[in-house]
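Shown below: final-v3.txt, with compact mmCIF, C-alpha atoms.
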# COMPACT_ATOMS: atom_id res chain seq x y z
CA MET A 219 -41.43 -9.24 24.06
CA PRO A 220 -38.89 -10.34 21.44
CA SER A 221 -35.86 -12.34 22.57
CA ILE A 222 -32.51 -10.54 22.48
CA THR A 223 -30.58 -13.80 21.97
CA PRO A 224 -30.20 -15.29 18.50
CA ASP A 225 -32.21 -18.39 17.68
CA VAL A 226 -29.18 -20.16 16.21
CA ALA A 227 -25.76 -19.84 17.83
CA VAL A 228 -22.86 -19.30 15.42
CA VAL A 229 -20.49 -22.26 15.51
CA GLU A 230 -16.83 -21.29 15.15
CA VAL A 231 -14.55 -23.83 13.49
CA ALA A 232 -10.97 -24.19 12.26
CA GLY A 233 -9.73 -26.05 9.22
CA GLY A 234 -6.63 -27.95 8.21
CA VAL A 235 -5.40 -29.10 4.81
CA ASP A 236 -2.83 -31.73 3.86
CA THR A 237 -1.70 -30.78 0.35
CA HIS A 238 -0.47 -33.04 -2.45
CA GLN A 239 0.14 -32.70 -6.15
CA ASP A 240 -3.24 -34.00 -7.35
CA THR A 241 -5.48 -33.90 -4.27
CA HIS A 242 -5.88 -31.95 -1.03
CA THR A 243 -7.36 -33.54 2.10
CA ALA A 244 -9.24 -31.14 4.38
CA ALA A 245 -10.44 -31.45 7.96
CA VAL A 246 -12.65 -29.25 10.15
CA ILE A 247 -12.62 -29.16 13.95
CA ASP A 248 -14.52 -27.12 16.54
CA LEU A 249 -12.93 -24.90 19.18
CA VAL A 250 -12.37 -27.80 21.58
CA GLY A 251 -10.64 -29.95 18.95
CA ARG A 252 -13.45 -32.34 18.06
CA VAL A 253 -13.31 -33.49 14.45
CA LEU A 254 -16.41 -32.45 12.52
CA GLY A 255 -15.45 -33.98 9.19
CA THR A 256 -12.73 -34.82 6.66
CA GLN A 257 -12.96 -34.72 2.88
CA GLN A 258 -10.67 -35.00 -0.15
CA PHE A 259 -10.76 -32.49 -3.02
CA PRO A 260 -8.94 -32.23 -6.36
CA ALA A 261 -6.03 -29.78 -6.51
CA THR A 262 -7.71 -27.50 -9.03
CA THR A 263 -9.37 -24.09 -8.87
CA ALA A 264 -12.78 -25.75 -8.75
CA GLY A 265 -11.54 -28.08 -6.03
CA TYR A 266 -10.24 -25.16 -3.96
CA THR A 267 -13.61 -23.42 -4.22
CA ALA A 268 -15.45 -26.59 -3.21
CA LEU A 269 -13.07 -27.10 -0.29
CA LEU A 270 -13.73 -23.60 1.05
CA ALA A 271 -17.51 -23.99 0.66
CA TRP A 272 -17.38 -27.36 2.43
CA MET A 273 -15.46 -25.89 5.38
CA ARG A 274 -17.81 -22.93 5.70
CA GLY A 275 -20.72 -25.34 5.78
CA PHE A 276 -19.73 -26.31 9.33
CA GLY A 277 -19.84 -22.76 10.71
CA SER A 278 -17.83 -19.56 10.93
CA LEU A 279 -14.34 -20.36 9.70
CA LEU A 280 -11.76 -18.74 12.01
CA ARG A 281 -8.56 -19.89 10.36
CA VAL A 282 -7.16 -22.62 8.12
CA GLY A 283 -3.84 -24.36 8.63
CA VAL A 284 -2.23 -25.41 5.33
CA GLU A 285 0.86 -27.55 4.84
CA GLY A 286 3.19 -26.57 2.02
CA THR A 287 1.92 -23.08 1.19
CA GLY A 288 5.10 -22.56 -0.85
CA ALA A 289 4.63 -25.73 -2.91
CA TYR A 290 1.50 -27.83 -3.54
CA GLY A 291 -0.59 -25.58 -1.30
CA ALA A 292 0.32 -22.31 -3.06
CA GLY A 293 -2.82 -22.18 -5.20
CA LEU A 294 -5.12 -23.01 -2.31
CA ALA A 295 -3.46 -20.44 -0.03
CA ARG A 296 -3.89 -17.79 -2.73
CA LEU A 297 -7.62 -18.53 -3.10
CA LEU A 298 -8.20 -18.57 0.66
CA ARG A 299 -6.41 -15.26 1.10
CA ASN A 300 -8.48 -13.69 -1.70
CA ALA A 301 -11.58 -14.95 0.14
CA HIS A 302 -10.38 -13.13 3.29
CA VAL A 303 -9.69 -16.35 5.18
CA ASN A 304 -6.94 -16.29 7.79
CA VAL A 305 -4.38 -18.74 6.36
CA ILE A 306 -1.75 -20.24 8.67
CA GLU A 307 1.28 -22.13 7.42
CA VAL A 308 1.84 -25.21 9.58
CA ASP A 309 4.72 -27.64 9.78
CA ARG A 310 4.20 -31.32 9.28
CA PRO A 311 3.63 -33.31 12.50
CA ASP A 312 6.80 -34.27 14.33
CA ARG A 313 8.04 -37.84 14.38
CA LYS A 314 6.82 -38.54 17.89
CA THR A 315 3.25 -37.58 16.98
CA ARG A 316 3.35 -39.67 13.82
CA ARG A 317 4.76 -42.64 15.69
CA PHE A 318 1.84 -42.67 18.14
CA GLN A 319 -0.99 -41.66 15.79
CA GLY A 320 0.09 -43.14 12.46
CA LYS A 321 0.28 -41.47 9.06
CA SER A 322 -2.55 -40.74 6.63
CA ASP A 323 -3.86 -37.71 4.76
CA PRO A 324 -6.90 -37.24 7.07
CA ILE A 325 -4.70 -37.56 10.17
CA ASP A 326 -2.28 -34.94 8.80
CA ALA A 327 -5.17 -32.62 7.92
CA ILE A 328 -6.61 -32.93 11.44
CA GLN A 329 -3.18 -32.20 12.94
CA ALA A 330 -2.87 -29.13 10.69
CA ALA A 331 -6.24 -27.87 11.92
CA LYS A 332 -5.27 -28.43 15.57
CA ALA A 333 -1.92 -26.69 15.07
CA ALA A 334 -3.63 -23.70 13.48
CA LEU A 335 -6.18 -23.55 16.29
CA ALA A 336 -3.50 -23.79 19.01
CA GLY A 337 -1.08 -21.42 17.26
CA GLN A 338 1.83 -23.84 17.65
CA ARG A 339 4.57 -24.20 15.00
CA THR A 340 2.71 -21.87 12.69
CA GLY A 341 3.60 -18.87 10.58
CA THR A 342 2.14 -16.46 8.07
CA PRO A 343 2.66 -17.78 4.53
CA LYS A 344 4.34 -15.69 1.86
CA GLN A 345 2.19 -13.97 -0.73
CA ARG A 346 2.76 -15.41 -4.20
CA ASP A 347 1.15 -12.76 -6.40
CA GLY A 348 3.52 -9.76 -6.51
CA ARG A 349 6.81 -8.57 -7.89
CA VAL A 350 8.82 -10.47 -5.29
CA GLU A 351 7.27 -13.70 -6.60
CA ALA A 352 8.30 -12.67 -10.13
CA LEU A 353 11.78 -12.04 -8.76
CA ARG A 354 11.85 -15.50 -7.19
CA ASN A 355 10.89 -17.18 -10.46
CA LEU A 356 13.63 -15.41 -12.39
CA ARG A 357 16.18 -16.26 -9.70
CA VAL A 358 15.26 -19.94 -9.90
CA ALA A 359 16.12 -19.95 -13.60
CA ARG A 360 19.34 -17.98 -13.04
CA ARG A 361 20.56 -20.19 -10.21
CA SER A 362 19.93 -23.30 -12.29
CA ALA A 363 21.89 -21.82 -15.20
CA VAL A 364 24.79 -20.85 -12.91
CA ASP A 365 24.96 -24.34 -11.40
CA GLN A 366 24.83 -26.05 -14.78
CA ARG A 367 27.49 -23.73 -16.20
CA ALA A 368 29.78 -24.55 -13.28
CA ASP A 369 29.17 -28.27 -13.88
CA ALA A 370 30.03 -27.89 -17.55
CA GLN A 371 33.25 -26.06 -16.69
CA ARG A 372 34.30 -28.74 -14.20
CA GLN A 373 33.58 -31.47 -16.73
CA ILE A 374 35.69 -29.70 -19.36
CA LYS A 375 38.68 -29.55 -17.01
CA THR A 376 38.20 -33.19 -16.02
CA LEU A 377 38.22 -34.28 -19.65
CA ILE A 378 41.39 -32.28 -20.30
CA VAL A 379 43.20 -34.19 -17.54
CA THR A 380 42.72 -37.50 -19.39
CA ALA A 381 42.94 -36.10 -22.94
CA PRO A 382 45.78 -37.07 -25.32
CA ASP A 383 49.11 -35.39 -24.53
CA GLU A 384 49.06 -32.97 -27.47
CA LEU A 385 45.54 -31.71 -26.75
CA ARG A 386 46.16 -31.55 -22.99
CA ALA A 387 49.34 -29.51 -23.44
CA ARG A 388 47.44 -27.11 -25.69
CA LEU A 389 44.48 -26.53 -23.35
CA ARG A 390 45.63 -27.01 -19.76
CA THR A 391 47.29 -23.57 -19.33
CA LEU A 392 44.55 -21.50 -20.95
CA PRO A 393 42.41 -19.13 -18.81
CA VAL A 394 38.77 -20.13 -18.46
CA LYS A 395 37.40 -17.62 -20.97
CA GLU A 396 39.97 -18.51 -23.62
CA LEU A 397 39.60 -22.23 -22.84
CA ILE A 398 35.85 -22.12 -23.48
CA ALA A 399 36.32 -20.18 -26.74
CA THR A 400 39.01 -22.61 -27.94
CA CYS A 401 37.02 -25.74 -27.14
CA ALA A 402 33.90 -24.31 -28.78
CA THR A 403 35.78 -23.86 -32.08
CA LEU A 404 37.25 -27.36 -32.24
CA ARG A 405 36.57 -29.15 -35.55
CA PRO A 406 36.68 -32.89 -34.85
CA ASP A 407 35.86 -35.47 -37.54
CA ARG A 408 32.42 -36.83 -36.57
CA THR A 409 32.96 -39.94 -38.70
CA ASP A 410 35.86 -40.88 -36.43
CA ALA A 411 33.91 -40.64 -33.16
CA ALA A 412 34.99 -44.16 -32.12
CA THR A 413 38.55 -42.88 -31.62
CA PRO A 414 39.17 -41.56 -28.07
CA ALA A 415 41.14 -38.55 -29.33
CA THR A 416 38.28 -37.49 -31.59
CA ALA A 417 35.58 -38.31 -29.02
CA VAL A 418 37.17 -36.07 -26.38
CA LYS A 419 37.24 -33.17 -28.86
CA ILE A 420 33.56 -33.69 -29.62
CA ALA A 421 32.76 -33.79 -25.91
CA LEU A 422 34.83 -30.67 -25.19
CA ARG A 423 33.15 -28.75 -28.02
CA SER A 424 29.68 -29.78 -26.83
CA LEU A 425 30.39 -28.76 -23.23
CA ALA A 426 31.99 -25.46 -24.27
CA ARG A 427 29.04 -24.49 -26.45
CA ARG A 428 26.69 -25.41 -23.60
CA HIS A 429 28.77 -23.18 -21.34
CA GLN A 430 28.43 -20.28 -23.80
CA GLN A 431 24.70 -20.78 -24.14
CA LEU A 432 24.24 -20.82 -20.35
CA SER A 433 26.35 -17.65 -20.05
CA ALA A 434 24.06 -15.95 -22.54
CA GLU A 435 21.01 -17.06 -20.50
CA ILE A 436 22.54 -15.69 -17.30
CA THR A 437 23.29 -12.35 -18.95
CA ASP A 438 19.73 -12.15 -20.28
CA LEU A 439 18.26 -12.91 -16.85
CA ASP A 440 20.55 -10.36 -15.18
CA GLU A 441 19.21 -7.69 -17.52
CA LEU A 442 15.73 -8.46 -16.16
CA LEU A 443 16.70 -8.86 -12.52
CA GLU A 444 18.67 -5.65 -12.00
CA PRO A 445 15.86 -3.18 -12.77
CA LEU A 446 13.30 -5.37 -10.98
CA VAL A 447 15.31 -5.46 -7.74
CA ALA A 448 15.94 -1.71 -8.00
CA ALA A 449 12.22 -1.08 -8.43
CA VAL A 450 11.21 -3.29 -5.49
CA ASN A 451 13.66 -1.88 -2.92
CA PRO A 452 16.25 0.68 -4.08
CA GLY A 453 17.40 1.35 -0.51
CA LEU A 454 18.44 -2.26 0.01
CA LEU A 455 20.34 -2.31 -3.26
CA ALA A 456 22.25 0.84 -2.23
CA ALA A 457 23.53 -0.69 1.04
CA ASN A 458 27.26 -1.30 1.40
CA GLY A 459 28.24 -4.67 -0.05
CA VAL A 460 24.76 -5.49 -1.35
CA GLY A 461 24.40 -6.19 -5.06
CA THR A 462 21.57 -7.42 -7.23
CA ASP A 463 22.08 -11.07 -6.32
CA VAL A 464 22.25 -10.49 -2.56
CA ALA A 465 19.34 -8.04 -2.53
CA GLY A 466 17.22 -10.35 -4.65
CA GLN A 467 17.84 -13.30 -2.35
CA LEU A 468 17.01 -11.35 0.81
CA LEU A 469 13.83 -9.95 -0.73
CA VAL A 470 12.72 -13.45 -1.70
CA THR A 471 13.52 -14.74 1.79
CA ALA A 472 11.54 -11.95 3.45
CA GLY A 473 8.64 -12.36 1.04
CA GLU A 474 6.17 -9.96 -0.54
CA ASN A 475 4.38 -9.45 2.77
CA HIS A 476 7.48 -8.71 4.83
CA ASP A 477 5.25 -7.53 7.66
CA ARG A 478 4.92 -11.22 8.56
CA LEU A 479 8.40 -10.85 10.09
CA THR A 480 7.54 -9.88 13.65
CA SER A 481 11.00 -8.62 14.58
CA GLU A 482 14.58 -8.28 13.48
CA THR A 483 15.39 -11.32 15.63
CA ALA A 484 12.86 -13.39 13.69
CA PHE A 485 14.47 -12.34 10.40
CA ALA A 486 17.90 -13.28 11.77
CA MET A 487 16.55 -16.70 12.72
CA LEU A 488 14.98 -17.04 9.27
CA CYS A 489 18.41 -16.35 7.71
CA GLY A 490 20.20 -18.76 10.06
CA ALA A 491 22.23 -15.89 11.54
CA ALA A 492 20.85 -15.98 15.11
CA PRO A 493 23.00 -18.06 17.50
CA ILE A 494 21.06 -20.71 19.40
CA PRO A 495 21.40 -20.97 23.21
CA ALA A 496 23.20 -24.14 24.27
CA SER A 497 23.66 -23.51 27.99
CA SER A 498 23.44 -26.05 30.77
CA GLY A 499 24.18 -25.74 34.48
CA LYS A 500 27.20 -23.52 35.00
CA THR A 501 27.97 -23.41 31.28
CA THR A 502 26.60 -20.44 29.36
CA ARG A 503 27.22 -20.52 25.63
CA HIS A 504 25.61 -20.36 22.18
CA ARG A 505 26.02 -22.68 19.24
CA LEU A 506 25.97 -22.10 15.49
CA ASN A 507 22.53 -22.02 13.90
CA ARG A 508 22.52 -24.37 10.90
CA GLY A 509 18.82 -23.86 10.19
CA GLY A 510 17.00 -21.16 8.28
CA ASP A 511 17.33 -20.22 4.64
CA ARG A 512 20.85 -21.24 3.68
CA GLN A 513 20.82 -19.15 0.50
CA ALA A 514 20.03 -16.07 2.58
CA ASN A 515 22.80 -17.04 4.98
CA ALA A 516 25.21 -17.32 2.06
CA ALA A 517 24.12 -13.87 0.85
CA LEU A 518 24.94 -12.40 4.28
CA TYR A 519 28.31 -14.13 4.15
CA ARG A 520 29.11 -12.42 0.85
CA VAL A 521 28.17 -9.04 2.32
CA ALA A 522 30.43 -9.70 5.32
CA LEU A 523 33.38 -10.62 3.10
CA CYS A 524 32.87 -7.54 0.95
CA ARG A 525 32.79 -5.24 3.97
CA LEU A 526 35.83 -6.92 5.53
CA ARG A 527 37.71 -5.99 2.39
CA TRP A 528 36.45 -2.48 1.67
CA ASP A 529 34.60 -0.99 4.67
CA PRO A 530 36.90 0.82 7.19
CA ARG A 531 34.44 0.40 10.09
CA THR A 532 34.15 -3.35 9.49
CA ARG A 533 37.93 -3.73 9.20
CA ALA A 534 38.40 -1.86 12.47
CA TYR A 535 35.81 -4.08 14.14
CA ALA A 536 37.56 -7.22 12.86
CA GLU A 537 40.92 -6.00 14.15
CA ARG A 538 39.49 -5.24 17.59
CA ARG A 539 37.77 -8.62 17.87
CA THR A 540 40.91 -10.39 16.66
CA LYS A 541 42.89 -8.80 19.50
CA GLU A 542 40.22 -10.10 21.88
CA GLY A 543 41.01 -13.64 20.72
CA MET A 544 38.15 -14.32 18.31
CA SER A 545 38.78 -16.34 15.16
CA LYS A 546 37.89 -15.12 11.68
CA LYS A 547 34.91 -17.48 11.50
CA GLU A 548 33.55 -16.18 14.80
CA ILE A 549 34.00 -12.59 13.64
CA ILE A 550 32.10 -13.28 10.42
CA ARG A 551 29.25 -14.87 12.41
CA CYS A 552 29.00 -11.73 14.55
CA LEU A 553 29.14 -9.54 11.46
CA LYS A 554 26.31 -11.45 9.82
CA ARG A 555 24.15 -10.80 12.87
CA TYR A 556 24.87 -7.06 12.69
CA ILE A 557 24.28 -7.03 8.93
CA VAL A 558 20.89 -8.71 9.40
CA ARG A 559 19.90 -5.95 11.82
CA GLU A 560 20.80 -3.25 9.30
CA LEU A 561 19.24 -4.90 6.25
CA TYR A 562 16.06 -5.80 8.13
CA GLN A 563 15.43 -2.11 8.69
CA LEU A 564 15.91 -1.42 4.97
CA ILE A 565 13.54 -4.22 3.98
CA THR A 566 10.75 -3.40 6.40
CA SER A 567 10.98 0.39 5.94
CA ASN A 568 10.43 0.10 2.21
CA ASN A 569 7.26 2.07 1.49
CA LEU A 570 6.97 1.19 -2.18
CA GLU A 571 3.80 -0.55 -3.30
CA LEU A 572 4.88 -4.12 -3.98
CA ALA A 573 1.68 -5.28 -5.61
CA ALA A 574 2.04 -6.14 -9.29
As structure tokens, how would this structure be written, given the file I've shared?
Amino acid sequence: MPSITPDVAVVEVAGGVDTHQDTHTAAVIDLVGRVLGTQQFPATTAGYTALLAWMRGFGSLLRVGVEGTGAYGAGLARLLRNAHVNVIEVDRPDRKTRRFQGKSDPIDAIQAAKAALAGQRTGTPKQRDGRVEALRNLRVARRSAVDQRADAQRQIKTLIVTAPDELRARLRTLPVKELIATCATLRPDRTDAATPATAVKIALRSLARRHQQLSAEITDLDELLEPLVAAVNPGLLAANGVGTDVAGQLLVTAGENHDRLTSETAFAMLCGAAPIPASSGKTTRHRLNRGGDRQANAALYRVALCRLRWDPRTRAYAERRTKEGMSKKEIIRCLKRYIVRELYQLITSNNLELAA
């Protein structure tokens, strides 16, 4: 009579990866946390494939915890997901654990595997292969251009403060647009660059032309971002107080696979708009949440300000809460929480196919 039990029992294992720029260190543990092996692999496509084959050599791979899925581990996470492996994003070990166990790549990889197996301090990583990822890349370039343009403008005004009296009197009262155009058309004598009066004109012209070039880059990127955001989620873009910049930031924060957000409360925490309990004994209160994605929090702040200015319902709410003794800052914090609830529904109810 043939046996109904298999000759070889299937061993179930979990993996962990500590990612770096050039190499990834992997570890495999069994279901009771015993370390089965550690190995280092190059951070290349061939290295990712070898890493996955090495892990599967120990048994049936349940899940893999990866540090830095949004940075050095992005390529590995993409390959594992395409291979239908359950990828878990894990945080780095806390300071107390590192103080007792030390710090090395194999130790961090083992801790990542144990965290993935236990389901502690883990999350679903964002997908990096769709239109939201394209949106994120374009926004990185735009934000850099905006910051550099603001720096150039501040430097121009600083130079004007210490410029010779005649030049300072000519430029100090001009509006920003006219100031940039005037400084860009200055014609200093380059042979006299050792003179402070000539050197400041050269510097002002250089900064003004840089400002103009960055403005042209921002305009070019905006022409790409507006239709892309509208194609990804037109409902979000149509919400009151939500423009291309705000919608783009919230879409990037939520990620391509926004189903990883388990609830509206989780999205509020991700945006830093969920107050944190700070109660003790007879005291019951909440404190400001300074965590989460600060860019998403700033986007919610802009929506709140816009609605406080133009939306009748929001203005009525602010007046009522003011009569109750709340400050403007407290009212804006409450508004951001309500706005998160509304925009979460728009993000998660989007039925468009996000795949590229």
| Nearby residues (all atoms listed in the file) at most 12 Å from Gly337 of chain A, same-chain spacing under 5 positions excluded, as number ranges by chain | A: 232, 281-283, 305-309, 329-332, 342
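You can rank A:Ile325, A:Ala370, A:Leu422, A:Leu294 by their closest distance to Pro260 of chain A using all atoms listed in the file, and at the top of that list sits A:Leu294.
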| said: When you look at Ile374 of chain A with a cut-off of 9 Å (counting only C-alpha atoms), what residues show up, excluding the ones that are within fewer than 2 positions of it in the same chain? I need them as a list in words. | reply: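 Here the qualifying residues turn out to be Asp369, Ala370, Gln371, Arg372, Thr376, Leu377, Ile378, Val379, Ile398, Cys401, Ala421, Leu422, Leu425 and Ala426 of chain A.
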| query | Which value, in Å to one decimal, gives the distance between atom CA of Thr403 of chain A and atom CA of Pro382 of chain A? | reply |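 Those two atoms sit 17.9 Å apart.
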| request: Extract, using all atoms listed in the file, all DNA, RNA and protein residues at most 12 Å from Met273 of chain A, discarding same-chain residues fewer than 3 positions from it, and format them as an MDAnalysis selection string. | output: chainID A and resid 229:235 243:248 254:259 266:270 276:282 298 303 331
| note | Using only C-alpha atoms, the best pick from A:Ala334, A:Ile328, A:Ile565, A:Cys524 as closest to Val447 of chain A would be A:Ile565
| said: Report, in Å with one decimal, the straight-line distance from atom CA of Met544 of chain A to atom CA of Ala517 of chain A. | reply: 22.4 Å
| query | Which is closest to Lys554 of chain A among A:Thr391, A:His504, A:Tyr535, A:Ala486, if we use all atoms listed in the file? | reply |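 Result for the nearest residue to Lys554 of chain A: A:Ala486.
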| field | Between atom CA of His238 of chain A and atom CA of Gln513 of chain A - distance in Å to one decimal | value | 25.6 Å
| Hey, which of A:Asp463, A:Asp326, A:Glu441, A:Asp347 ends up closest to Gly293 of chain A? Count only C-alpha atoms. | A:Asp347
Pull the closest atom pair for each residue of segment 428-462 of chain A that gets at most 9 Å from segment 356-365 of chain A, along with the distance in Å to one decimal, counting only C-alpha atoms, ordering rows by chain and then ascending residue number, as a tab-separated table.
residue	atom	partner	partner_atom	distance
A:Leu432	CA	A:Ala363	CA	5.7
A:Ser433	CA	A:Ala363	CA	7.8
A:Glu435	CA	A:Ala363	CA	7.2
A:Ile436	CA	A:Arg360	CA	5.8
A:Leu439	CA	A:Arg360	CA	6.4
A:Asp440	CA	A:Arg360	CA	8.0
A:Leu442	CA	A:Leu356	CA	8.2
A:Leu443	CA	A:Leu356	CA	7.2
| message | Which residues are close to segment 383-387 of chain A, i.e. within 10 Å by all atoms listed in the file, leaving aside same-chain residues fewer than 5 positions away? Reply as a PyMOL selection string. | response | chain A and resi 375+377-378+392+415+418-419
For the residues in that selection, give me C-alpha atoms as a PDB file, in the coordinates of the input.
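Result saved to selection_36.pdb:
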ATOM      1  CA  LYS A 375      38.680 -29.550 -17.010  1.00  0.00           C
ATOM      2  CA  LEU A 377      38.220 -34.280 -19.650  1.00  0.00           C
ATOM      3  CA  ILE A 378      41.390 -32.280 -20.300  1.00  0.00           C
ATOM      4  CA  LEU A 392      44.550 -21.500 -20.950  1.00  0.00           C
ATOM      5  CA  ALA A 415      41.140 -38.550 -29.330  1.00  0.00           C
ATOM      6  CA  VAL A 418      37.170 -36.070 -26.380  1.00  0.00           C
ATOM      7  CA  LYS A 419      37.240 -33.170 -28.860  1.00  0.00           C
TER       8      LYS A 419
END
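All residues of protein, DNA or RNA that reach within 10 Å of Glu444 of chain A, judged by all atoms listed in the file and not counting those fewer than 4 positions away in the chain, are Leu353, Leu439, Asp440, Ala448, Ala449, Leu455, Gly461, Thr462, Asp463, Ala465 and Gly466 of chain A.
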| Local residues around (33.0, -8.9, 0.4), at most 12 Å away, using only C-alpha atoms, as an NGL selection string | :A and (458-461 or 464 or 516-529 or 532-533 or 550 or 553-554)
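Counting only C-alpha atoms and comparing A:Ala491, A:Lys547, A:Val250, A:His242, the residue that lies closest to Thr263 of chain A is A:His242.
Compared by their closest atoms to Val228 of chain A, and using all atoms listed in the file, the residues A:Gly265, A:Pro493, A:Gly275, A:Gly543 rank with A:Gly275 nearest.
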Enclose all atoms of segment 386-402 of chain A listed in the file in an axis-aligned box, grow every side by 6 Å, and hand back centre and edge lengths in Å to one decimal, as JSON.
{"center_x": 41.6, "center_y": -24.6, "center_z": -23.6, "size_x": 27.4, "size_y": 25.9, "size_z": 22.3}
